[in-house]
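Below is run-v7.pdb, holding PDB, C-alpha atoms and all ligand atoms.
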```
ATOM      1  CA  MET A   1     -46.995 -26.117-203.422  1.00  0.00           C
ATOM      2  CA  PHE A   2     -50.619 -26.257-204.377  1.00  0.00           C
ATOM      3  CA  LEU A   3     -52.280 -26.790-207.703  1.00  0.00           C
ATOM      4  CA  ASN A   4     -52.432 -23.513-209.671  1.00  0.00           C
ATOM      5  CA  SER A   5     -50.648 -21.658-206.895  1.00  0.00           C
ATOM      6  CA  SER A   6     -47.125 -20.860-205.824  1.00  0.00           C
ATOM      7  CA  ALA A   7     -48.319 -20.756-202.211  1.00  0.00           C
ATOM      8  CA  ARG A   8     -46.258 -22.608-199.647  1.00  0.00           C
ATOM      9  CA  LYS A   9     -49.082 -22.517-197.114  1.00  0.00           C
ATOM     10  CA  ARG A  10     -52.833 -22.407-197.523  1.00  0.00           C
ATOM     11  CA  ILE A  11     -55.174 -21.371-194.724  1.00  0.00           C
ATOM     12  CA  LEU A  12     -58.801 -22.470-194.929  1.00  0.00           C
ATOM     13  CA  PHE A  13     -61.766 -21.228-192.932  1.00  0.00           C
ATOM     14  CA  CYS A  14     -65.152 -22.914-192.871  1.00  0.00           C
ATOM     15  CA  ILE A  15     -67.962 -20.508-193.726  1.00  0.00           C
ATOM     16  CA  LYS A  16     -70.798 -23.036-193.965  1.00  0.00           C
ATOM     17  CA  GLY A  17     -72.331 -21.971-190.684  1.00  0.00           C
ATOM     18  CA  ASN A  18     -72.921 -25.221-188.818  1.00  0.00           C
ATOM     19  CA  CYS A  19     -69.827 -24.860-186.659  1.00  0.00           C
ATOM     20  CA  ALA A  20     -69.774 -21.086-186.211  1.00  0.00           C
ATOM     21  CA  ASP A  21     -71.385 -17.880-187.376  1.00  0.00           C
ATOM     22  CA  PRO A  22     -70.207 -17.247-190.969  1.00  0.00           C
ATOM     23  CA  ALA A  23     -69.752 -13.573-190.042  1.00  0.00           C
ATOM     24  CA  ASP A  24     -67.143 -14.595-187.456  1.00  0.00           C
ATOM     25  CA  ALA A  25     -65.320 -16.660-190.084  1.00  0.00           C
ATOM     26  CA  ALA A  26     -65.449 -13.740-192.514  1.00  0.00           C
ATOM     27  CA  ALA A  27     -63.872 -11.474-189.890  1.00  0.00           C
ATOM     28  CA  LEU A  28     -61.129 -14.056-189.298  1.00  0.00           C
ATOM     29  CA  ILE A  29     -60.486 -14.279-193.037  1.00  0.00           C
ATOM     30  CA  ALA A  30     -60.143 -10.498-193.194  1.00  0.00           C
ATOM     31  CA  GLN A  31     -57.764 -10.575-190.224  1.00  0.00           C
ATOM     32  CA  THR A  32     -55.718 -13.313-191.907  1.00  0.00           C
ATOM     33  CA  GLU A  33     -55.547 -11.371-195.174  1.00  0.00           C
ATOM     34  CA  ALA A  34     -54.276  -8.349-193.252  1.00  0.00           C
ATOM     35  CA  LEU A  35     -51.637 -10.435-191.449  1.00  0.00           C
ATOM     36  CA  ILE A  36     -50.512 -12.011-194.721  1.00  0.00           C
ATOM     37  CA  ALA A  37     -50.188  -8.586-196.340  1.00  0.00           C
ATOM     38  CA  ARG A  38     -48.443  -7.049-193.307  1.00  0.00           C
ATOM     39  CA  HIS A  39     -45.734  -9.706-193.484  1.00  0.00           C
ATOM     40  CA  GLY A  40     -45.443  -9.615-197.270  1.00  0.00           C
ATOM     41  CA  LEU A  41     -46.551 -13.243-197.588  1.00  0.00           C
ATOM     42  CA  ASP A  42     -48.962 -12.335-200.371  1.00  0.00           C
ATOM     43  CA  ALA A  43     -46.067 -11.946-202.811  1.00  0.00           C
ATOM     44  CA  PRO A  44     -45.958 -15.084-204.994  1.00  0.00           C
ATOM     45  CA  ASP A  45     -42.156 -15.024-204.956  1.00  0.00           C
ATOM     46  CA  HIS A  46     -41.989 -14.884-201.136  1.00  0.00           C
ATOM     47  CA  PRO A  47     -40.473 -18.134-199.799  1.00  0.00           C
ATOM     48  CA  ASN A  48     -43.365 -18.333-197.319  1.00  0.00           C
ATOM     49  CA  HIS A  49     -46.095 -17.307-199.774  1.00  0.00           C
ATOM     50  CA  THR A  50     -49.408 -17.891-197.991  1.00  0.00           C
ATOM     51  CA  VAL A  51     -52.990 -17.708-199.180  1.00  0.00           C
ATOM     52  CA  VAL A  52     -56.316 -17.853-197.363  1.00  0.00           C
ATOM     53  CA  SER A  53     -59.570 -19.304-198.662  1.00  0.00           C
ATOM     54  CA  ALA A  54     -63.122 -19.819-197.508  1.00  0.00           C
ATOM     55  CA  VAL A  55     -64.454 -23.354-197.794  1.00  0.00           C
ATOM     56  CA  ASN A  56     -67.883 -24.851-197.307  1.00  0.00           C
ATOM     57  CA  CYS A  57     -66.976 -27.355-194.586  1.00  0.00           C
ATOM     58  CA  LEU A  58     -63.853 -28.820-193.005  1.00  0.00           C
ATOM     59  CA  GLY A  59     -65.564 -31.918-191.663  1.00  0.00           C
ATOM     60  CA  VAL A  60     -65.516 -30.891-188.030  1.00  0.00           C
ATOM     61  CA  CYS A  61     -68.876 -29.100-187.783  1.00  0.00           C
ATOM     62  CA  GLN A  62     -68.393 -28.106-184.156  1.00  0.00           C
ATOM     63  CA  ASN A  63     -65.843 -26.137-182.186  1.00  0.00           C
ATOM     64  CA  GLY A  64     -66.004 -23.291-184.680  1.00  0.00           C
ATOM     65  CA  ALA A  65     -64.663 -21.169-185.952  1.00  0.00           C
ATOM     66  CA  VAL A  66     -62.652 -23.908-187.608  1.00  0.00           C
ATOM     67  CA  MET A  67     -59.400 -23.191-189.423  1.00  0.00           C
ATOM     68  CA  MET A  68     -57.134 -25.592-191.309  1.00  0.00           C
ATOM     69  CA  VAL A  69     -53.556 -25.037-192.433  1.00  0.00           C
ATOM     70  CA  HIS A  70     -51.940 -26.929-195.291  1.00  0.00           C
ATOM     71  CA  PRO A  71     -49.605 -28.606-195.716  1.00  0.00           C
ATOM     72  CA  GLY A  72     -50.440 -31.093-193.029  1.00  0.00           C
ATOM     73  CA  ALA A  73     -54.191 -30.446-192.723  1.00  0.00           C
ATOM     74  CA  ILE A  74     -53.647 -29.122-189.215  1.00  0.00           C
ATOM     75  CA  ARG A  75     -56.965 -28.034-187.733  1.00  0.00           C
ATOM     76  CA  TYR A  76     -57.637 -25.408-185.124  1.00  0.00           C
ATOM     77  CA  GLY A  77     -60.953 -25.044-183.318  1.00  0.00           C
ATOM     78  CA  ASN A  78     -62.684 -22.264-181.419  1.00  0.00           C
ATOM     79  CA  VAL A  79     -60.533 -19.789-183.307  1.00  0.00           C
ATOM     80  CA  ASP A  80     -61.021 -16.163-182.395  1.00  0.00           C
ATOM     81  CA  ALA A  81     -58.980 -13.057-183.181  1.00  0.00           C
ATOM     82  CA  GLU A  82     -56.528 -13.639-180.338  1.00  0.00           C
ATOM     83  CA  LYS A  83     -55.976 -17.320-181.180  1.00  0.00           C
ATOM     84  CA  LEU A  84     -55.598 -16.488-184.854  1.00  0.00           C
ATOM     85  CA  ALA A  85     -52.819 -14.022-184.029  1.00  0.00           C
ATOM     86  CA  ARG A  86     -51.045 -16.719-181.985  1.00  0.00           C
ATOM     87  CA  ILE A  87     -51.503 -19.378-184.678  1.00  0.00           C
ATOM     88  CA  PHE A  88     -50.272 -17.018-187.375  1.00  0.00           C
ATOM     89  CA  GLU A  89     -47.168 -16.066-185.424  1.00  0.00           C
ATOM     90  CA  ALA A  90     -46.291 -19.629-184.442  1.00  0.00           C
ATOM     91  CA  HIS A  91     -47.423 -21.727-187.394  1.00  0.00           C
ATOM     92  CA  ILE A  92     -47.361 -19.448-190.430  1.00  0.00           C
ATOM     93  CA  LEU A  93     -44.368 -17.293-189.558  1.00  0.00           C
ATOM     94  CA  ASN A  94     -42.285 -19.781-187.537  1.00  0.00           C
ATOM     95  CA  ASP A  95     -43.416 -23.228-188.752  1.00  0.00           C
ATOM     96  CA  THR A  96     -44.219 -24.290-185.195  1.00  0.00           C
ATOM     97  CA  PRO A  97     -47.911 -25.153-184.882  1.00  0.00           C
ATOM     98  CA  PRO A  98     -49.072 -24.373-181.331  1.00  0.00           C
ATOM     99  CA  ALA A  99     -49.952 -27.848-180.058  1.00  0.00           C
ATOM    100  CA  GLU A 100     -52.294 -26.538-177.370  1.00  0.00           C
ATOM    101  CA  LEU A 101     -54.595 -25.033-180.009  1.00  0.00           C
ATOM    102  CA  ILE A 102     -54.672 -27.958-182.464  1.00  0.00           C
ATOM    103  CA  LEU A 103     -57.982 -29.739-182.854  1.00  0.00           C
ATOM    104  CA  PRO A 104     -57.104 -33.453-182.766  1.00  0.00           C
ATOM    105  CA  TYR A 105     -58.455 -35.875-185.305  1.00  0.00           C
ATOM    106  CA  PRO A 106     -60.699 -38.538-183.801  1.00  0.00           C
ATOM    107  CA  GLN A 107     -59.092 -41.881-183.200  1.00  0.00           C
ATOM    108  CA  PRO A 108     -60.455 -44.731-185.307  1.00  0.00           C
ATOM    109  CA  LYS A 109     -62.959 -46.858-183.469  1.00  0.00           C
ATOM    110  CA  LYS A 110     -61.964 -50.393-182.664  1.00  0.00           C
ATOM    111  CA  ILE A 111     -64.165 -52.932-184.335  1.00  0.00           C
ATOM    112  CA  PRO A 112     -64.787 -55.916-182.076  1.00  0.00           C
ATOM    113  CA  SER A 113     -63.631 -59.109-183.606  1.00  0.00           C
ATOM    114  CA  LYS A 114     -66.222 -61.780-184.214  1.00  0.00           C
ATOM    115  CA  LYS A 115     -65.750 -65.043-182.445  1.00  0.00           C
ATOM    116  CA  ARG A 116     -65.671 -68.060-184.671  1.00  0.00           C
ATOM    117  CA  GLU A 117     -67.994 -70.802-183.694  1.00  0.00           C
TER
HETATM  118  S1  LIG A 201     -69.789 -26.682-190.926  1.00  0.00           S
HETATM  119 FE1  LIG A 201     -67.855 -25.852-190.310  1.00  0.00          FE
HETATM  120  S2  LIG A 201     -66.570 -27.609-190.321  1.00  0.00           S
HETATM  121 FE2  LIG A 201     -68.424 -28.365-191.105  1.00  0.00          FE
END
```
So that I can check it, write out the structure of this file as structure tokens.
Amino acid sequence: MFLNSSARKRILFCIKGNCADPADAAALIAQTEALIARHGLDAPDHPNHTVVSAVNCLGVCQNGAVMMVHPGAIRYGNVDAEKLARIFEAHILNDTPPAELILPYPQPKKIPSKKRE
């Protein structure tokens, strides 16, 4: 659940423009809205109620178009219409995020320990 929403899942697309053309993100948002409506997930009482939003940045800023799915903050990069259809089918409809399309989070850098003198 999300604040002020009955949505079980929230899909975010970056439209800032540093990672991808905002027009491409807008087309993906429209495609997502159509998929949500086609499957009836726009009904607030649907057990898999899903919403889509545009956001200013998802902190990746490359590999766009960038998409994030909550809960879990799972990120997908280089999303196009075909990948979106696969992600929607697997992750949104079947709760099985397609691992091969997930954009991994960077590993924390190791900080070298200082030698005591
Ligand atoms: S500009 Fe798209 S993720 Fe930052």
For the structure provided, state which residues fall under the PyMOL selection byres (((chain A and resi 10-19) around 9) and not hetatm), and present them as number ranges by chain. A: 2, 7-9, 20-26, 28-29, 32, 49-58, 60-71
Centre, edges in Å (one decimal): axis-aligned box, region 97-115 of chain A, 4 Å padding on all six sides, as lines of an AutoDock Vina configuration file:
```
center_x = -57.1
center_y = -44.7
center_z = -181.3
size_x = 26.3
size_y = 48.7
size_z = 15.9
```
Nearest to ligand LIG 201 (chain A): which of A:Leu93, A:Arg38, A:Lys114, A:Gly59 is it, counting all atoms listed in the file?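 Distance minimum relative to ligand LIG 201 (chain A) lands on A:Gly59.
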Quick check, in Å to one decimal: how far apart do CA of Ala99 (chain A) and CA of Ala43 (chain A) lie?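 Separation of CA of Ala99 (chain A) and CA of Ala43 (chain A): 28.0 Å.
With only C-alpha atoms and all ligand atoms as the atoms that count, the minimum distance from ligand LIG 201 (chain A) to the choices A:Gly40, A:Gly72, A:Gly77, A:Pro104 is reached by A:Gly77.
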List the residues selected by the PyMOL selection byres (((chain A and resi 97) around 10) and not hetatm) in the file shown, writing them as a list in words.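 Taken over the shown coordinates, the PyMOL selection byres (((chain A and resi 97) around 10) and not hetatm) returns Val69, Ile74, Arg75, Tyr76, Arg86, Ile87, Phe88, Glu89, Ala90, His91, Ile92, Leu93, Asn94, Asp95, Thr96, Pro98, Ala99, Glu100, Leu101 and Ile102 of chain A.
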Could you dump the residues just selected with C-alpha atoms as a short mmCIF file (atom, residue, chain, number, x, y, z; two decimals), keeping the file's coordinate frame?
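Saved as selection-v4.cif:
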```cif
data_model
loop_
_atom_site.label_atom_id
_atom_site.label_comp_id
_atom_site.auth_asym_id
_atom_site.auth_seq_id
_atom_site.Cartn_x
_atom_site.Cartn_y
_atom_site.Cartn_z
CA VAL A 69 -53.56 -25.04 -192.43
CA ILE A 74 -53.65 -29.12 -189.22
CA ARG A 75 -56.96 -28.03 -187.73
CA TYR A 76 -57.64 -25.41 -185.12
CA ARG A 86 -51.04 -16.72 -181.98
CA ILE A 87 -51.50 -19.38 -184.68
CA PHE A 88 -50.27 -17.02 -187.38
CA GLU A 89 -47.17 -16.07 -185.42
CA ALA A 90 -46.29 -19.63 -184.44
CA HIS A 91 -47.42 -21.73 -187.39
CA ILE A 92 -47.36 -19.45 -190.43
CA LEU A 93 -44.37 -17.29 -189.56
CA ASN A 94 -42.28 -19.78 -187.54
CA ASP A 95 -43.42 -23.23 -188.75
CA THR A 96 -44.22 -24.29 -185.20
CA PRO A 98 -49.07 -24.37 -181.33
CA ALA A 99 -49.95 -27.85 -180.06
CA GLU A 100 -52.29 -26.54 -177.37
CA LEU A 101 -54.60 -25.03 -180.01
CA ILE A 102 -54.67 -27.96 -182.46
#
```
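Distance-wise, CA of Ala34 (chain A) and CA of Val79 (chain A) end up 16.4 Å apart.
You will find atom S2 of ligand LIG 201 (chain A) at 11.6 Å from CA of Leu103 (chain A).
Here the question is which of A:Ile36, A:Ala27, A:Leu41, A:Ile111 gets nearest to Ala81 (chain A) using all atoms listed in the file, and that residue is A:Ala27.
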Select, from A:His46, A:Lys110, A:Leu84, A:Asn78, the residue with the minimum atom-to-atom distance to ligand LIG 201 (chain A), counting all atoms listed in the file.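 Counting all atoms listed in the file, the residue closest to ligand LIG 201 (chain A) is A:Asn78.
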